[in-house]
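Worksheet: the structure to be examined is printed underneath.
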Number of protein chains: 2
Amino acid sequence: MSKELKIILIGVGNVGFHLGKELHEVGLEVNQVYSRKITKAKRLSKIIKCEAIKNLEDISKEADIYILAVPDSAIENVAANLSKQIPLSKLVVHTSGATPSTVLKPYFKNYGIFYPLQTFSITRKVNFSNIPICVDSNLKKHRASLEKLGRRISQSVHQINDQERSILHIAAVFVNNFSNNLFTIGEKITSTEKLPFDLLKPLIQETVDKIIVQSPHEMQTGPAKRGDNTTIQLHLKYLKKHFPEFIEVYQTMTQNINSKLSKIILRQKK
Amino acid sequence: MSKELKIILIGVGNVGFHLGKELHEVGLEVNQVYSRKITKAKRLSKIIKCEAIKNLEDISKEADIYILAVPDSAIENVAANLSKQIPLSKLVVHTSGATPSTVLKPYFKNYGIFYPLQTFSITRKVNFSNIPICVDSNLKKHRASLEKLGRRISQSVHQINDQERSILHIAAVFVNNFSNNLFTIGEKITSTEKLPFDLLKPLIQETVDKIIVQSPHEMQTGPAKRGDNTTIQLHLKYLKKHFPEFIEVYQTMTQNINSKLSKIILRQKK
């Protein structure tokens with residue numbers, strides 16, 4: 001893959017926006033960015049100084065790689081439409097953790113994955129250098145070239161097949177989506193009770209700092225872990241009165257931490 | 001509270017060990033440390049150069065403050081025994097988030113709380129400077145002196161009453177105990193599948209970095225949030241086959257994030 005690698009980015013949501021910016025910042029050539037919503041395409045194209053398009057008919061046939069950074073539900077449809085516009089031989093990849101690469105197979109001879117394993121928000125700057133980039137392709141030469149492309153933006157590039165990537169994505173849902181929801185619950189409880197959520201932030205930070213160096217399994221503490229049913233019952237009583245919407249989360253997580261605390265007992269006493 | 005404040009530490013578990021070390025490090029005088037297990041008491045007393053005792057009968061009657069850093073279930077019993085050894089007028093506090101200060105009321109005229117809102121492990125060094133220290137006492141003068149003591153080790157000291165502290169503790173269980181359990185699940189899935197858990201660590205770090213500056217409620221992403229039932233069903237299918245023990249956590253958290261994804265539908269299709 002030469003230095004003049006030409007990239008076209010299709011989709012400029014949370015992933016596409018940051019990926020496009022980063023590819024540009026490391027000196028790669030993003031020729032066009034596509035979005036059905038031209039204002040979204042222009043938000044990025046202005047920053048990285050390239051063409052914004054909103055019709056796939058306007059897409060350049062000259063690029064080396066077409067990156068689909070669209071929602072999972074749109075990948076196949078966009079791929080089908082794209083295949084009518086560009087030569088069959090072009091390399092087309094998507095950036096999703098959940099969707100197999102083979103969804104692209106009916107449409108392209110050369111297809112693959114370029115999946116940054118991270119959570120992105122438009123408004124938040126990200127540092128790509130340690131983000132794991134999971135790459136894959138049906139052809140070995142493209143696996144190598146995608147790996148090379150990944151190394152332009154990150155030190156952590158991995159060849160990960162469809163099955164492995166889907167497993168990583170499930171694990172990511174637990175550690176990211178679900179833990180963020182627990183932080184949301186913590187925020188809801190404290191703010192409703194007029195206590196500063198900030199009081200919990202050093203604890204949250206330490207929770208994570210710990211498991212970066214030690215196994216989370218070994219770091220587990222709390223009433224569930226030590227089977228402290230007295231405290232658990234006090235918590236359930238409080239939740240029942242003030243936050244019934246969080247009781248099931250409390251019970252399910254408590255029992256998952258300590259299977260000896262049978263759910264039946266947890267429910268009976270609540 | 002003078003510089004010659006004499007402290008006795010009762011209990012040298014995760015909290016007691018680190019608190020004792022810190023009080024010593026900032027120049028306070030910890031005269032004795034007590035543990036039923038003398039080897040545990042000695043592990044700390046050697047570091048902070050004080051007497052280790054394993055019988056409450058040996059406790060000094062000369063200290064200014066007695067800090068009970070014992071398990072919740074032991075607080076009342078230890079307090080009762082301690083009250084037979086020291087003058088009624090001594091200030092006795094405990095370090096628990098879950099137990100009310102009033103558990104000490106039957107035994108002492110001056111009682112209170114010195115609760116560091118953090119997760120501690122013996123093996124892991126902690127930086128107290130930003131740990132919220134929640135203090136309380138039945139007497140205003142002791143609230144002030146405990147606040148002063150707290151400021152010796154932390155910039156974040158707060159007068160928090162029993163009710164508020166119990167609420168903070170419940171929120172802490174969600175954001176610390178339960179999120180750590182989600183990280184444990186992520187570790188279990190990846191290690192079982194021979195994938196490096198390290199691939200998830202930048203994601204976990206970013207999950208937390210985000211919510212230190214922005215509301216977690218606004219940071220929620222993922223298939224549950226966007227109502228992506230196709231992906232959710234794929235995840236449930238995988239979990240059912242490989243990790244049935246995590247299905248309930250997945251379903252409960254998914255529905256808690258997005259109440260439109262009715263649990264009944266989640267269950268029917270699994």
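In the structure tokens, chains take the letters A, B, ... in the order shown, each chain's residues start at 1, and ligands count up from 1 in the order shown.
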* Asked: Got a sec to pull out which chain A residues are within 6 Å of chain B, counting only C-alpha atoms, and send them as a ChimeraX atom specification?
  -> /A:118,171,174-177,179,182-184,186,203,207,216-217,222
Saved selection, atoms kept: N, CA and C atoms, as a JSON list (two decimals), in the first residue's frame:
[["chain", "number", "residue", "atom", "x", "y", "z"],
["A", 118, "GLN", "N", -13.34, 0.91, 20.21],
["A", 118, "GLN", "CA", -13.41, 2.05, 21.13],
["A", 118, "GLN", "C", -14.81, 2.64, 21.09],
["A", 171, "ALA", "N", -18.32, -8.74, 24.50],
["A", 171, "ALA", "CA", -17.60, -8.37, 25.73],
["A", 171, "ALA", "C", -17.56, -6.86, 25.89],
["A", 174, "PHE", "N", -20.69, -5.50, 27.47],
["A", 174, "PHE", "CA", -20.69, -5.64, 28.93],
["A", 174, "PHE", "C", -19.81, -4.56, 29.58],
["A", 175, "VAL", "N", -18.57, -4.43, 29.12],
["A", 175, "VAL", "CA", -17.64, -3.55, 29.84],
["A", 175, "VAL", "C", -17.88, -2.07, 29.55],
["A", 176, "ASN", "N", -18.44, -1.76, 28.41],
["A", 176, "ASN", "CA", -18.67, -0.35, 28.08],
["A", 176, "ASN", "C", -20.13, 0.06, 28.24],
["A", 177, "ASN", "N", -21.01, -0.48, 27.41],
["A", 177, "ASN", "CA", -22.43, -0.04, 27.44],
["A", 177, "ASN", "C", -23.04, -0.26, 28.83],
["A", 179, "SER", "N", -21.56, -0.95, 31.81],
["A", 179, "SER", "CA", -20.96, -0.24, 32.94],
["A", 179, "SER", "C", -21.33, 1.25, 32.87],
["A", 182, "LEU", "N", -24.48, 1.62, 34.56],
["A", 182, "LEU", "CA", -24.35, 1.63, 36.03],
["A", 182, "LEU", "C", -23.91, 3.01, 36.52],
["A", 183, "PHE", "N", -23.03, 3.65, 35.76],
["A", 183, "PHE", "CA", -22.63, 5.01, 36.15],
["A", 183, "PHE", "C", -23.83, 5.96, 36.05],
["A", 184, "THR", "N", -24.67, 5.73, 35.03],
["A", 184, "THR", "CA", -25.89, 6.53, 34.89],
["A", 184, "THR", "C", -26.80, 6.34, 36.10],
["A", 186, "GLY", "N", -25.83, 5.49, 39.12],
["A", 186, "GLY", "CA", -25.17, 6.19, 40.22],
["A", 186, "GLY", "C", -25.43, 7.69, 40.16],
["A", 203, "LEU", "N", -13.89, 7.01, 43.06],
["A", 203, "LEU", "CA", -14.17, 5.58, 43.18],
["A", 203, "LEU", "C", -14.25, 4.93, 41.81],
["A", 207, "THR", "N", -11.78, 2.11, 40.36],
["A", 207, "THR", "CA", -12.34, 0.83, 39.91],
["A", 207, "THR", "C", -11.64, 0.38, 38.63],
["A", 216, "PRO", "N", -9.90, -8.15, 37.28],
["A", 216, "PRO", "CA", -11.11, -7.68, 37.97],
["A", 216, "PRO", "C", -11.71, -8.76, 38.87],
["A", 217, "HIS", "N", -11.55, -9.99, 38.47],
["A", 217, "HIS", "CA", -12.07, -11.09, 39.30],
["A", 217, "HIS", "C", -11.49, -11.02, 40.72],
["A", 222, "GLY", "N", -17.39, -5.78, 48.17],
["A", 222, "GLY", "CA", -18.76, -5.32, 48.36],
["A", 222, "GLY", "C", -19.65, -6.32, 49.05]]
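If you count only C-alpha atoms and ignore residues fewer than 6 places along the chain from Leu23 of chain A, what sits within 9 Å of it is Ile7, Glu29, Val30, Arg152 and Ile153 of chain A.
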Generate a file of the selected residues that holds C-alpha atoms, formatted as a compact mmCIF listing (two decimals), in the first residue's frame.
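Written file, result.txt:
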# COMPACT_ATOMS: atom_id res chain seq x y z
CA ILE A 7 -9.42 6.60 0.84
CA GLU A 29 -5.48 11.15 1.65
CA VAL A 30 -9.22 11.05 2.28
CA ARG A 152 -0.48 4.50 10.68
CA ILE A 153 -2.93 5.49 13.37
Please superimpose chain A upon chain B, fitting all C-alpha atoms matched one to one in order, and report the result as a short mmCIF file (atom, residue, chain, number, x, y, z; two decimals) with C-alpha atoms, in the first residue's frame.
data_model
loop_
_atom_site.label_atom_id
_atom_site.label_comp_id
_atom_site.auth_asym_id
_atom_site.auth_seq_id
_atom_site.Cartn_x
_atom_site.Cartn_y
_atom_site.Cartn_z
CA MET A 1 -7.70 18.89 67.75
CA SER A 2 -4.03 19.35 68.55
CA LYS A 3 -1.05 18.09 66.60
CA GLU A 4 -0.53 15.49 69.29
CA LEU A 5 -3.82 13.80 68.43
CA LYS A 6 -3.48 10.20 69.50
CA ILE A 7 -5.23 7.63 67.36
CA ILE A 8 -5.96 3.96 67.92
CA LEU A 9 -6.91 1.86 64.97
CA ILE A 10 -9.15 -1.15 65.51
CA GLY A 11 -9.18 -3.43 62.50
CA VAL A 12 -6.48 -3.67 59.84
CA GLY A 13 -8.30 -5.04 56.80
CA ASN A 14 -8.34 -3.30 53.43
CA VAL A 15 -9.56 0.02 54.85
CA GLY A 16 -7.74 -0.06 58.19
CA PHE A 17 -4.41 -1.03 56.68
CA HIS A 18 -4.33 1.84 54.19
CA LEU A 19 -5.88 4.37 56.55
CA GLY A 20 -3.37 3.53 59.27
CA LYS A 21 -0.48 3.89 56.84
CA GLU A 22 -1.78 7.20 55.56
CA LEU A 23 -2.40 8.70 59.01
CA HIS A 24 1.15 7.77 59.93
CA GLU A 25 2.57 9.15 56.68
CA VAL A 26 1.03 12.59 57.19
CA GLY A 27 2.59 12.71 60.65
CA LEU A 28 -0.28 11.71 62.89
CA GLU A 29 0.34 9.47 65.85
CA VAL A 30 -1.21 6.03 65.60
CA ASN A 31 -0.44 4.55 69.02
CA GLN A 32 -1.84 1.07 68.66
CA VAL A 33 -3.34 -1.14 66.02
CA TYR A 34 -5.68 -3.93 67.00
CA SER A 35 -6.62 -7.09 65.17
CA ARG A 36 -7.91 -10.40 66.44
CA LYS A 37 -5.21 -11.82 64.21
CA ILE A 38 -1.94 -10.53 65.61
CA THR A 39 -0.03 -11.24 62.38
CA LYS A 40 -2.34 -8.85 60.54
CA ALA A 41 -1.91 -6.20 63.24
CA LYS A 42 1.86 -6.65 63.07
CA ARG A 43 1.93 -6.33 59.29
CA LEU A 44 0.79 -2.74 59.76
CA SER A 45 2.43 -1.97 63.09
CA LYS A 46 5.86 -2.79 61.67
CA ILE A 47 5.35 -0.29 58.88
CA ILE A 48 4.05 2.52 61.04
CA LYS A 49 6.13 1.64 64.08
CA CYS A 50 3.53 1.26 66.79
CA GLU A 51 2.21 -1.38 69.12
CA ALA A 52 0.17 -4.29 67.75
CA ILE A 53 -2.43 -5.82 70.05
CA LYS A 54 -4.87 -8.68 69.73
CA ASN A 55 -6.80 -8.27 72.97
CA LEU A 56 -9.05 -5.28 73.53
CA GLU A 57 -8.09 -5.47 77.22
CA ASP A 58 -4.66 -4.20 76.19
CA ILE A 59 -6.02 -1.09 74.54
CA SER A 60 -4.72 2.27 75.66
CA LYS A 61 -7.20 4.47 77.50
CA GLU A 62 -5.19 7.55 76.62
CA ALA A 63 -6.04 8.04 72.95
CA ASP A 64 -8.16 10.88 71.57
CA ILE A 65 -9.90 8.93 68.86
CA TYR A 66 -10.64 5.25 68.32
CA ILE A 67 -11.24 4.28 64.71
CA LEU A 68 -13.19 1.09 64.10
CA ALA A 69 -12.25 -0.25 60.67
CA VAL A 70 -13.92 -3.62 61.09
CA PRO A 71 -16.51 -5.43 58.95
CA ASP A 72 -20.06 -4.07 59.18
CA SER A 73 -21.21 -7.21 60.89
CA ALA A 74 -18.59 -6.79 63.63
CA ILE A 75 -18.99 -3.07 64.41
CA GLU A 76 -21.58 -3.35 67.14
CA ASN A 77 -19.92 -6.25 68.88
CA VAL A 78 -16.50 -4.62 68.85
CA ALA A 79 -18.03 -1.33 70.05
CA ALA A 80 -19.71 -3.11 72.95
CA ASN A 81 -16.44 -4.76 73.97
CA LEU A 82 -14.45 -1.57 73.49
CA SER A 83 -16.86 0.36 75.70
CA LYS A 84 -15.84 -1.84 78.61
CA GLN A 85 -12.20 -0.83 78.19
CA ILE A 86 -12.13 2.92 77.57
CA PRO A 87 -13.75 5.95 79.20
CA LEU A 88 -17.28 6.70 78.02
CA SER A 89 -16.18 10.17 76.93
CA LYS A 90 -13.76 9.02 74.20
CA LEU A 91 -14.53 9.74 70.55
CA VAL A 92 -15.22 6.49 68.70
CA VAL A 93 -15.85 6.44 64.96
CA HIS A 94 -16.28 3.75 62.35
CA THR A 95 -15.28 3.74 58.69
CA SER A 96 -18.25 1.98 57.12
CA GLY A 97 -20.47 3.29 54.34
CA ALA A 98 -23.34 0.97 55.09
CA THR A 99 -23.73 1.05 58.87
CA PRO A 100 -25.35 4.04 60.63
CA SER A 101 -23.34 5.97 63.19
CA THR A 102 -26.11 5.34 65.70
CA VAL A 103 -24.99 1.74 66.10
CA LEU A 104 -22.34 3.27 68.37
CA LYS A 105 -24.81 5.35 70.39
CA PRO A 106 -25.64 2.77 73.09
CA TYR A 107 -21.95 2.53 73.98
CA PHE A 108 -20.40 5.99 73.70
CA LYS A 109 -21.28 9.59 74.39
CA ASN A 110 -19.14 10.82 71.47
CA TYR A 111 -19.37 8.86 68.29
CA GLY A 112 -19.17 9.41 64.59
CA ILE A 113 -18.06 8.41 61.14
CA PHE A 114 -14.83 8.62 59.21
CA TYR A 115 -15.71 6.99 55.88
CA PRO A 116 -13.27 7.09 52.96
CA LEU A 117 -15.42 6.60 49.84
CA GLN A 118 -13.03 4.40 47.94
CA THR A 119 -12.29 0.76 47.14
CA PHE A 120 -9.25 -0.60 48.92
CA SER A 121 -7.14 -3.70 48.43
CA ILE A 122 -4.24 -4.53 50.71
CA THR A 123 -1.95 -5.11 47.76
CA ARG A 124 -2.68 -1.87 45.95
CA LYS A 125 -1.24 1.50 46.91
CA VAL A 126 -3.80 4.29 47.16
CA ASN A 127 -3.52 8.03 46.86
CA PHE A 128 -5.74 9.53 49.54
CA SER A 129 -5.46 13.12 48.37
CA ASN A 130 -8.66 13.10 46.28
CA ILE A 131 -10.59 10.39 48.12
CA PRO A 132 -13.83 11.83 49.51
CA ILE A 133 -13.76 11.51 53.30
CA CYS A 134 -17.28 11.53 54.70
CA VAL A 135 -17.40 12.59 58.33
CA ASP A 136 -20.20 12.84 60.84
CA SER A 137 -20.71 12.92 64.60
CA ASN A 138 -23.50 13.36 67.10
CA LEU A 139 -21.71 16.50 68.34
CA LYS A 140 -20.85 19.54 66.27
CA LYS A 141 -17.40 19.94 67.83
CA HIS A 142 -16.50 16.42 66.79
CA ARG A 143 -17.83 16.95 63.28
CA ALA A 144 -15.40 19.86 63.07
CA SER A 145 -12.49 17.90 64.48
CA LEU A 146 -13.15 14.91 62.22
CA GLU A 147 -13.30 17.28 59.27
CA LYS A 148 -9.95 18.68 60.32
CA LEU A 149 -8.54 15.17 60.63
CA GLY A 150 -9.90 14.34 57.16
CA ARG A 151 -8.18 17.38 55.69
CA ARG A 152 -4.85 16.04 56.87
CA ILE A 153 -5.13 13.24 54.37
CA SER A 154 -7.54 14.50 51.66
CA GLN A 155 -8.64 17.67 49.89
CA SER A 156 -12.15 16.26 49.64
CA VAL A 157 -13.82 16.16 53.05
CA HIS A 158 -17.59 16.28 53.47
CA GLN A 159 -20.05 16.31 56.32
CA ILE A 160 -22.45 13.55 55.33
CA ASN A 161 -25.18 12.27 57.63
CA ASP A 162 -26.23 8.64 58.09
CA GLN A 163 -29.01 8.77 55.54
CA GLU A 164 -26.85 10.47 52.90
CA ARG A 165 -23.99 8.09 53.51
CA SER A 166 -26.18 5.02 53.13
CA ILE A 167 -27.38 6.41 49.78
CA LEU A 168 -23.82 7.08 48.64
CA HIS A 169 -22.95 3.54 49.62
CA ILE A 170 -25.77 2.10 47.52
CA ALA A 171 -24.68 4.22 44.55
CA ALA A 172 -21.10 3.06 45.16
CA VAL A 173 -22.23 -0.56 44.95
CA PHE A 174 -23.64 0.12 41.48
CA VAL A 175 -20.67 2.08 40.12
CA ASN A 176 -17.93 0.02 41.74
CA ASN A 177 -18.99 -3.52 42.72
CA PHE A 178 -21.34 -4.06 39.81
CA SER A 179 -19.19 -2.44 37.14
CA ASN A 180 -16.23 -4.49 38.35
CA ASN A 181 -18.40 -7.56 37.87
CA LEU A 182 -19.06 -6.48 34.27
CA PHE A 183 -15.31 -6.19 33.74
CA THR A 184 -15.00 -9.70 35.20
CA ILE A 185 -17.56 -10.93 32.67
CA GLY A 186 -15.60 -9.25 29.86
CA GLU A 187 -12.44 -10.93 31.09
CA LYS A 188 -14.17 -14.30 31.36
CA ILE A 189 -15.58 -14.13 27.83
CA THR A 190 -12.31 -13.03 26.22
CA SER A 191 -10.06 -15.40 28.14
CA THR A 192 -12.34 -18.38 27.53
CA GLU A 193 -12.31 -17.52 23.82
CA LYS A 194 -8.52 -17.11 23.80
CA LEU A 195 -8.74 -13.42 23.02
CA PRO A 196 -6.63 -10.93 24.98
CA PHE A 197 -8.64 -9.03 27.62
CA ASP A 198 -6.11 -6.26 27.03
CA LEU A 199 -7.96 -5.41 23.81
CA LEU A 200 -10.84 -4.16 25.96
CA LYS A 201 -8.78 -2.04 28.33
CA PRO A 202 -8.57 1.15 26.25
CA LEU A 203 -12.35 0.94 25.88
CA ILE A 204 -12.82 0.52 29.63
CA GLN A 205 -10.46 3.41 30.31
CA GLU A 206 -12.30 5.65 27.86
CA THR A 207 -15.70 4.65 29.29
CA VAL A 208 -14.60 6.17 32.57
CA ASP A 209 -12.59 9.09 31.19
CA LYS A 210 -15.72 10.20 29.36
CA ILE A 211 -17.95 10.30 32.40
CA ILE A 212 -15.43 12.15 34.52
CA VAL A 213 -16.18 15.19 32.33
CA GLN A 214 -19.61 14.44 30.84
CA SER A 215 -22.82 12.95 32.15
CA PRO A 216 -22.88 9.15 31.71
CA HIS A 217 -26.52 9.49 30.73
CA GLU A 218 -25.45 11.45 27.66
CA MET A 219 -22.59 9.06 26.89
CA GLN A 220 -24.73 5.92 26.54
CA THR A 221 -24.22 4.09 23.25
CA GLY A 222 -24.65 0.54 21.98
CA PRO A 223 -27.30 -1.83 20.61
CA ALA A 224 -29.59 -1.43 23.64
CA LYS A 225 -29.54 2.36 23.43
CA ARG A 226 -30.32 2.42 19.71
CA GLY A 227 -32.88 -0.38 19.96
CA ASP A 228 -30.88 -2.62 17.62
CA ASN A 229 -32.79 -5.84 18.23
CA THR A 230 -30.99 -7.73 15.45
CA THR A 231 -27.64 -7.35 17.21
CA ILE A 232 -29.21 -8.03 20.60
CA GLN A 233 -30.68 -11.32 19.34
CA LEU A 234 -27.29 -12.36 17.92
CA HIS A 235 -25.67 -11.61 21.28
CA LEU A 236 -28.32 -13.57 23.19
CA LYS A 237 -27.94 -16.52 20.84
CA TYR A 238 -24.19 -16.55 21.41
CA LEU A 239 -24.55 -16.18 25.19
CA LYS A 240 -27.15 -18.94 25.35
CA LYS A 241 -24.71 -21.31 23.70
CA HIS A 242 -21.46 -20.28 25.37
CA PHE A 243 -22.17 -18.27 28.52
CA PRO A 244 -25.74 -18.93 29.72
CA GLU A 245 -24.70 -17.62 33.14
CA PHE A 246 -24.48 -14.10 31.68
CA ILE A 247 -27.80 -14.01 29.81
CA GLU A 248 -29.76 -12.54 32.67
CA VAL A 249 -27.21 -9.76 33.20
CA TYR A 250 -27.36 -8.99 29.47
CA GLN A 251 -31.15 -8.91 29.41
CA THR A 252 -31.56 -6.93 32.60
CA MET A 253 -29.00 -4.30 31.62
CA THR A 254 -30.33 -4.06 28.06
CA GLN A 255 -33.84 -3.45 29.28
CA ASN A 256 -32.66 -1.01 31.92
CA ILE A 257 -30.91 1.01 29.21
CA ASN A 258 -33.92 0.90 26.90
CA SER A 259 -37.25 0.13 28.50
CA LYS A 260 -38.84 -0.16 25.07
CA LEU A 261 -36.97 -3.43 24.63
CA SER A 262 -39.43 -5.34 26.73
CA LYS A 263 -37.98 -8.14 28.74
CA ILE A 264 -40.72 -10.44 27.49
CA ILE A 265 -39.56 -9.98 23.91
CA LEU A 266 -35.95 -10.40 25.00
CA ARG A 267 -36.81 -13.67 26.71
CA GLN A 268 -39.09 -15.08 24.06
CA LYS A 269 -36.53 -14.81 21.33
CA LYS A 270 -33.50 -16.00 23.21
#
Can you pull out every residue from segment 24-258 of chain A that DSSP, working from the backbone, puts in alpha helix (DSSP H), and format the result as a JSON list (two decimals) with C-alpha atoms, in the first residue's frame?
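Result saved to result.json:
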[["chain", "number", "residue", "atom", "x", "y", "z"],
["A", 24, "HIS", "CA", -6.17, 12.96, 7.56],
["A", 25, "GLU", "CA", -4.04, 13.98, 10.54],
["A", 38, "ILE", "CA", -24.76, 16.70, 3.40],
["A", 39, "THR", "CA", -24.38, 18.96, 6.46],
["A", 40, "LYS", "CA", -22.85, 16.05, 8.36],
["A", 41, "ALA", "CA", -20.52, 15.25, 5.48],
["A", 42, "LYS", "CA", -19.51, 18.90, 5.28],
["A", 43, "ARG", "CA", -18.81, 19.12, 9.01],
["A", 44, "LEU", "CA", -15.97, 16.66, 8.43],
["A", 45, "SER", "CA", -14.97, 17.64, 4.90],
["A", 46, "LYS", "CA", -14.31, 21.21, 6.01],
["A", 47, "ILE", "CA", -11.92, 19.99, 8.68],
["A", 48, "ILE", "CA", -10.03, 17.56, 6.48],
["A", 72, "ASP", "CA", -24.95, -2.00, 11.25],
["A", 73, "SER", "CA", -28.45, -1.99, 9.88],
["A", 74, "ALA", "CA", -27.35, 0.07, 6.85],
["A", 75, "ILE", "CA", -24.14, -1.77, 5.89],
["A", 76, "GLU", "CA", -25.64, -4.25, 3.47],
["A", 77, "ASN", "CA", -27.86, -1.74, 1.75],
["A", 78, "VAL", "CA", -25.07, 0.80, 1.32],
["A", 79, "ALA", "CA", -22.74, -1.96, 0.08],
["A", 80, "ALA", "CA", -25.29, -3.04, -2.51],
["A", 81, "ASN", "CA", -25.69, 0.54, -3.76],
["A", 82, "LEU", "CA", -21.96, 1.18, -3.69],
["A", 83, "SER", "CA", -21.30, -1.94, -5.76],
["A", 140, "LYS", "CA", -4.18, -12.26, 2.79],
["A", 141, "LYS", "CA", -2.67, -9.34, 0.86],
["A", 142, "HIS", "CA", -5.47, -7.09, 2.02],
["A", 143, "ARG", "CA", -5.14, -8.27, 5.61],
["A", 144, "ALA", "CA", -1.53, -7.13, 5.38],
["A", 145, "SER", "CA", -2.38, -3.80, 3.80],
["A", 146, "LEU", "CA", -5.16, -3.10, 6.31],
["A", 147, "GLU", "CA", -2.74, -3.94, 9.10],
["A", 148, "LYS", "CA", -0.30, -1.45, 7.62],
["A", 149, "LEU", "CA", -3.04, 1.16, 7.39],
["A", 150, "GLY", "CA", -3.98, 0.47, 11.03],
["A", 151, "ARG", "CA", -0.38, 1.00, 12.12],
["A", 152, "ARG", "CA", -0.48, 4.50, 10.68],
["A", 153, "ILE", "CA", -2.93, 5.49, 13.37],
["A", 162, "ASP", "CA", -15.43, -12.46, 12.16],
["A", 163, "GLN", "CA", -16.11, -14.89, 14.98],
["A", 164, "GLU", "CA", -13.48, -13.36, 17.27],
["A", 165, "ARG", "CA", -14.66, -9.86, 16.51],
["A", 166, "SER", "CA", -18.26, -10.68, 17.31],
["A", 167, "ILE", "CA", -17.11, -12.08, 20.67],
["A", 168, "LEU", "CA", -15.04, -8.97, 21.39],
["A", 169, "HIS", "CA", -18.08, -6.89, 20.55],
["A", 170, "ILE", "CA", -20.25, -8.78, 23.03],
["A", 171, "ALA", "CA", -17.60, -8.37, 25.73],
["A", 172, "ALA", "CA", -17.38, -4.68, 24.82],
["A", 179, "SER", "CA", -20.96, -0.24, 32.94],
["A", 180, "ASN", "CA", -21.85, 3.19, 31.56],
["A", 181, "ASN", "CA", -25.45, 2.39, 32.46],
["A", 182, "LEU", "CA", -24.35, 1.63, 36.03],
["A", 183, "PHE", "CA", -22.63, 5.01, 36.15],
["A", 184, "THR", "CA", -25.89, 6.53, 34.89],
["A", 185, "ILE", "CA", -27.74, 4.83, 37.74],
["A", 186, "GLY", "CA", -25.17, 6.19, 40.22],
["A", 187, "GLU", "CA", -25.66, 9.65, 38.78],
["A", 188, "LYS", "CA", -29.44, 9.33, 38.91],
["A", 189, "ILE", "CA", -29.47, 8.22, 42.55],
["A", 190, "THR", "CA", -27.07, 10.93, 43.73],
["A", 191, "SER", "CA", -28.60, 13.77, 41.75],
["A", 192, "THR", "CA", -32.14, 12.84, 42.78],
["A", 201, "LYS", "CA", -15.82, 9.83, 40.57],
["A", 202, "PRO", "CA", -12.60, 8.96, 42.42],
["A", 203, "LEU", "CA", -14.17, 5.58, 43.18],
["A", 204, "ILE", "CA", -15.10, 5.03, 39.54],
["A", 205, "GLN", "CA", -11.62, 6.06, 38.43],
["A", 206, "GLU", "CA", -10.00, 3.68, 40.92],
["A", 207, "THR", "CA", -12.34, 0.83, 39.91],
["A", 208, "VAL", "CA", -10.85, 1.03, 36.45],
["A", 209, "ASP", "CA", -7.27, 1.87, 37.42],
["A", 210, "LYS", "CA", -7.23, -1.32, 39.49],
["A", 211, "ILE", "CA", -8.27, -3.63, 36.70],
["A", 212, "ILE", "CA", -5.84, -2.16, 34.22],
["A", 213, "VAL", "CA", -3.10, -3.85, 36.27],
["A", 216, "PRO", "CA", -11.11, -7.68, 37.97],
["A", 217, "HIS", "CA", -12.07, -11.09, 39.30],
["A", 218, "GLU", "CA", -9.56, -10.63, 42.11],
["A", 219, "MET", "CA", -10.62, -7.03, 42.73],
["A", 229, "ASN", "CA", -27.32, -10.11, 53.33],
["A", 230, "THR", "CA", -28.11, -7.53, 56.02],
["A", 231, "THR", "CA", -26.68, -4.72, 53.91],
["A", 232, "ILE", "CA", -28.24, -6.15, 50.75],
["A", 233, "GLN", "CA", -31.69, -6.16, 52.36],
["A", 234, "LEU", "CA", -31.24, -2.53, 53.49],
["A", 235, "HIS", "CA", -30.28, -1.57, 49.94],
["A", 236, "LEU", "CA", -33.27, -3.40, 48.44],
["A", 237, "LYS", "CA", -35.60, -1.75, 50.92],
["A", 238, "TYR", "CA", -34.29, 1.67, 49.96],
["A", 239, "LEU", "CA", -34.46, 0.92, 46.23],
["A", 240, "LYS", "CA", -37.99, -0.43, 46.51],
["A", 241, "LYS", "CA", -39.10, 2.85, 48.05],
["A", 242, "HIS", "CA", -37.10, 5.33, 45.99],
["A", 247, "ILE", "CA", -34.13, -3.23, 41.84],
["A", 248, "GLU", "CA", -33.78, -5.80, 39.11],
["A", 249, "VAL", "CA", -30.32, -4.55, 38.15],
["A", 250, "TYR", "CA", -29.30, -4.72, 41.82],
["A", 251, "GLN", "CA", -30.64, -8.24, 42.26],
["A", 252, "THR", "CA", -29.28, -9.60, 39.02],
["A", 253, "MET", "CA", -25.80, -8.17, 39.55],
["A", 254, "THR", "CA", -25.73, -9.24, 43.20],
["A", 255, "GLN", "CA", -26.60, -12.79, 42.32],
["A", 256, "ASN", "CA", -24.17, -12.83, 39.42],
["A", 257, "ILE", "CA", -21.38, -11.79, 41.81]]
